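The data block below is target28.pdb; it holds PDB, C-alpha atoms.
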```
ATOM      1  CA  MET A   1     -17.230  35.218-109.274  1.00  0.00           C
ATOM      2  CA  ASN A   2     -19.637  32.401-108.813  1.00  0.00           C
ATOM      3  CA  LYS A   3     -21.530  31.784-105.586  1.00  0.00           C
ATOM      4  CA  GLN A   4     -18.991  29.266-104.277  1.00  0.00           C
ATOM      5  CA  THR A   5     -15.999  31.624-104.544  1.00  0.00           C
ATOM      6  CA  GLU A   6     -17.732  34.860-103.578  1.00  0.00           C
ATOM      7  CA  ARG A   7     -16.028  36.465-100.600  1.00  0.00           C
ATOM      8  CA  ALA A   8     -18.029  37.033 -97.428  1.00  0.00           C
ATOM      9  CA  VAL A   9     -16.124  40.159 -96.379  1.00  0.00           C
ATOM     10  CA  TYR A  10     -15.217  43.620 -97.643  1.00  0.00           C
ATOM     11  CA  THR A  11     -11.815  45.244 -97.376  1.00  0.00           C
ATOM     12  CA  MET A  12     -11.630  48.789 -96.047  1.00  0.00           C
ATOM     13  CA  TYR A  13     -10.881  49.948 -99.595  1.00  0.00           C
ATOM     14  CA  GLU A  14     -14.152  48.364-100.744  1.00  0.00           C
ATOM     15  CA  VAL A  15     -16.045  49.899 -97.801  1.00  0.00           C
ATOM     16  CA  ALA A  16     -14.675  53.331 -98.724  1.00  0.00           C
ATOM     17  CA  ASN A  17     -15.781  52.878-102.335  1.00  0.00           C
ATOM     18  CA  LEU A  18     -19.231  51.629-101.349  1.00  0.00           C
ATOM     19  CA  LEU A  19     -19.799  54.595 -99.038  1.00  0.00           C
ATOM     20  CA  GLY A  20     -18.192  57.143-101.353  1.00  0.00           C
ATOM     21  CA  ILE A  21     -15.644  58.243 -98.756  1.00  0.00           C
ATOM     22  CA  ASN A  22     -11.854  58.345 -98.760  1.00  0.00           C
ATOM     23  CA  LEU A  23      -9.792  55.545 -97.237  1.00  0.00           C
ATOM     24  CA  PRO A  24      -8.635  57.473 -94.131  1.00  0.00           C
ATOM     25  CA  LYS A  25     -12.281  58.273 -93.351  1.00  0.00           C
ATOM     26  CA  ALA A  26     -13.145  54.562 -93.726  1.00  0.00           C
ATOM     27  CA  TYR A  27     -10.423  53.632 -91.218  1.00  0.00           C
ATOM     28  CA  GLU A  28     -11.765  56.289 -88.861  1.00  0.00           C
ATOM     29  CA  LEU A  29     -15.226  54.748 -89.234  1.00  0.00           C
ATOM     30  CA  ALA A  30     -13.784  51.302 -88.432  1.00  0.00           C
ATOM     31  CA  LYS A  31     -12.825  52.605 -84.980  1.00  0.00           C
ATOM     32  CA  ALA A  32     -16.467  53.337 -84.121  1.00  0.00           C
ATOM     33  CA  LYS A  33     -17.940  50.945 -81.560  1.00  0.00           C
ATOM     34  CA  ASP A  34     -21.044  50.235 -83.627  1.00  0.00           C
ATOM     35  CA  PHE A  35     -19.186  49.553 -86.904  1.00  0.00           C
ATOM     36  CA  PRO A  36     -18.768  45.814 -87.651  1.00  0.00           C
ATOM     37  CA  ALA A  37     -15.026  45.830 -88.399  1.00  0.00           C
ATOM     38  CA  ILE A  38     -12.804  42.862 -87.534  1.00  0.00           C
ATOM     39  CA  ARG A  39      -9.052  43.261 -87.112  1.00  0.00           C
ATOM     40  CA  LEU A  40      -6.932  40.376 -88.404  1.00  0.00           C
ATOM     41  CA  GLY A  41      -3.367  41.259 -87.594  1.00  0.00           C
ATOM     42  CA  ARG A  42      -2.755  44.458 -89.566  1.00  0.00           C
ATOM     43  CA  ARG A  43      -5.791  43.978 -91.806  1.00  0.00           C
ATOM     44  CA  ILE A  44      -9.298  45.149 -91.129  1.00  0.00           C
ATOM     45  CA  ILE A  45     -12.196  43.345 -92.775  1.00  0.00           C
ATOM     46  CA  VAL A  46     -15.928  43.882 -92.626  1.00  0.00           C
ATOM     47  CA  PRO A  47     -18.395  40.991 -93.015  1.00  0.00           C
ATOM     48  CA  LYS A  48     -20.783  41.820 -95.871  1.00  0.00           C
ATOM     49  CA  VAL A  49     -23.911  40.786 -93.971  1.00  0.00           C
ATOM     50  CA  ALA A  50     -22.931  42.816 -90.897  1.00  0.00           C
ATOM     51  CA  PHE A  51     -22.047  45.831 -93.068  1.00  0.00           C
ATOM     52  CA  GLU A  52     -25.402  45.720 -94.844  1.00  0.00           C
ATOM     53  CA  LYS A  53     -27.209  45.435 -91.492  1.00  0.00           C
ATOM     54  CA  TRP A  54     -25.206  48.375 -90.081  1.00  0.00           C
ATOM     55  CA  LEU A  55     -25.945  50.474 -93.165  1.00  0.00           C
ATOM     56  CA  LEU A  56     -29.671  49.710 -92.981  1.00  0.00           C
ATOM     57  CA  GLU A  57     -29.754  50.591 -89.281  1.00  0.00           C
ATOM     58  CA  LYS A  58     -27.977  53.888 -90.008  1.00  0.00           C
ATOM     59  CA  ALA A  59     -30.412  54.656 -92.816  1.00  0.00           C
ATOM     60  CA  LEU A  60     -33.365  53.996 -90.513  1.00  0.00           C
ATOM     61  CA  ASP A  61     -31.770  56.133 -87.777  1.00  0.00           C
ATOM     62  CA  LYS A  62     -31.257  58.920 -90.295  1.00  0.00           C
ATOM     63  CA  GLU A  63     -34.938  58.839 -91.184  1.00  0.00           C
ATOM     64  CA  SER A  64     -35.934  59.178 -87.546  1.00  0.00           C
ATOM     65  CA  ASN A  65     -33.075  61.360 -86.240  1.00  0.00           C
ATOM     66  CA  GLY A  66     -31.760  63.089 -89.333  1.00  0.00           C
ATOM     67  CA  ALA A  67     -28.107  62.016 -88.887  1.00  0.00           C
ATOM     68  CA  LEU A  68     -25.833  59.278 -90.244  1.00  0.00           C
TER      69      LEU A  68
END
```

Please express the file's structure as structure tokens.
Amino acid sequence: MNKQTERAVYTMYEVANLLGINLPKAYELAKAKDFPAIRLGRRIIVPKVAFEKWLLEKALDKESNGAL
């Protein structure tokens, strides 16, 4: 994909693959208040920028608190 056609969001399947978790666990994660999921009808999408920010914040929290 070139820059003009690159999607700005992840599907929950892609989120699961990126995090190395199964799909039901990804949907469970999407219910968390601090997770940047957006519901569009029956679909759930996650903006890439918001996901990367969330992941970085969790990584920094893990360093200071020891939990993800």

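Remark: for Tyr27 in chain A, the closest of the candidate residues A:Gly41, A:Thr11, A:Leu60, A:Glu6 is A:Thr11 (distances computed over all atoms listed in the file).
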
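The coordinates place CA of Ala30 in chain A at 8.3 Å from CA of Met12 in chain A.
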
Between A:Ala26, A:Arg39, A:Ala32, A:Val49, which is the closest to Glu14 in chain A once you count all atoms listed in the file? A:Ala26

Centre and edges of the range 22-39 of chain A box, axis-aligned, 8 Å extra per side, as AutoDock Vina command-line options:
```
--center_x -14.8 --center_y 50.6 --center_z -90.2 --size_x 28.4 --size_y 31.5 --size_z 33.2
```

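For the atom pair formed by CA of Leu55 in chain A and CA of Leu19 in chain A, the distance is 9.4 Å, given to one decimal.
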
Residues within 9 Å of Leu23 in chain A, please, as JSON, numbers by chain. Count only C-alpha atoms; anything in the same chain fewer than 6 positions from it doesn't count. {"A": [12, 13, 15, 16, 17]}

Keeping only C-alpha atoms, write the selected residues as a short mmCIF file (atom, residue, chain, number, x, y, z; two decimals), in the coordinates of the input.
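What ended up in result.cif:
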```cif
data_model
loop_
_atom_site.label_atom_id
_atom_site.label_comp_id
_atom_site.auth_asym_id
_atom_site.auth_seq_id
_atom_site.Cartn_x
_atom_site.Cartn_y
_atom_site.Cartn_z
CA MET A 12 -11.63 48.79 -96.05
CA TYR A 13 -10.88 49.95 -99.60
CA VAL A 15 -16.05 49.90 -97.80
CA ALA A 16 -14.68 53.33 -98.72
CA ASN A 17 -15.78 52.88 -102.34
#
```

One decimal, Å: what's the distance from CA of Lys48 in chain A over to CA of Asn65 in chain A, could you say? 25.0 Å

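Candidate residues A:Lys58, A:Val9, A:Pro47, A:Asn22 were compared for distance to Asp34 in chain A, and the nearest is A:Lys58, using all atoms listed in the file.
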
Could you spell out the hits of the PyMOL selection byres ((chain A and resi 36) around 7) on the shown file, as a PDB file with C-alpha atoms, in the coordinates of the input?
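Full text of out_6.pdb as output:
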```pdb
ATOM      1  CA  ASP A  34     -21.044  50.235 -83.627  1.00  0.00           C
ATOM      2  CA  PHE A  35     -19.186  49.553 -86.904  1.00  0.00           C
ATOM      3  CA  ALA A  37     -15.026  45.830 -88.399  1.00  0.00           C
ATOM      4  CA  ILE A  38     -12.804  42.862 -87.534  1.00  0.00           C
ATOM      5  CA  VAL A  46     -15.928  43.882 -92.626  1.00  0.00           C
ATOM      6  CA  ALA A  50     -22.931  42.816 -90.897  1.00  0.00           C
ATOM      7  CA  PHE A  51     -22.047  45.831 -93.068  1.00  0.00           C
TER       8      PHE A  51
END
```
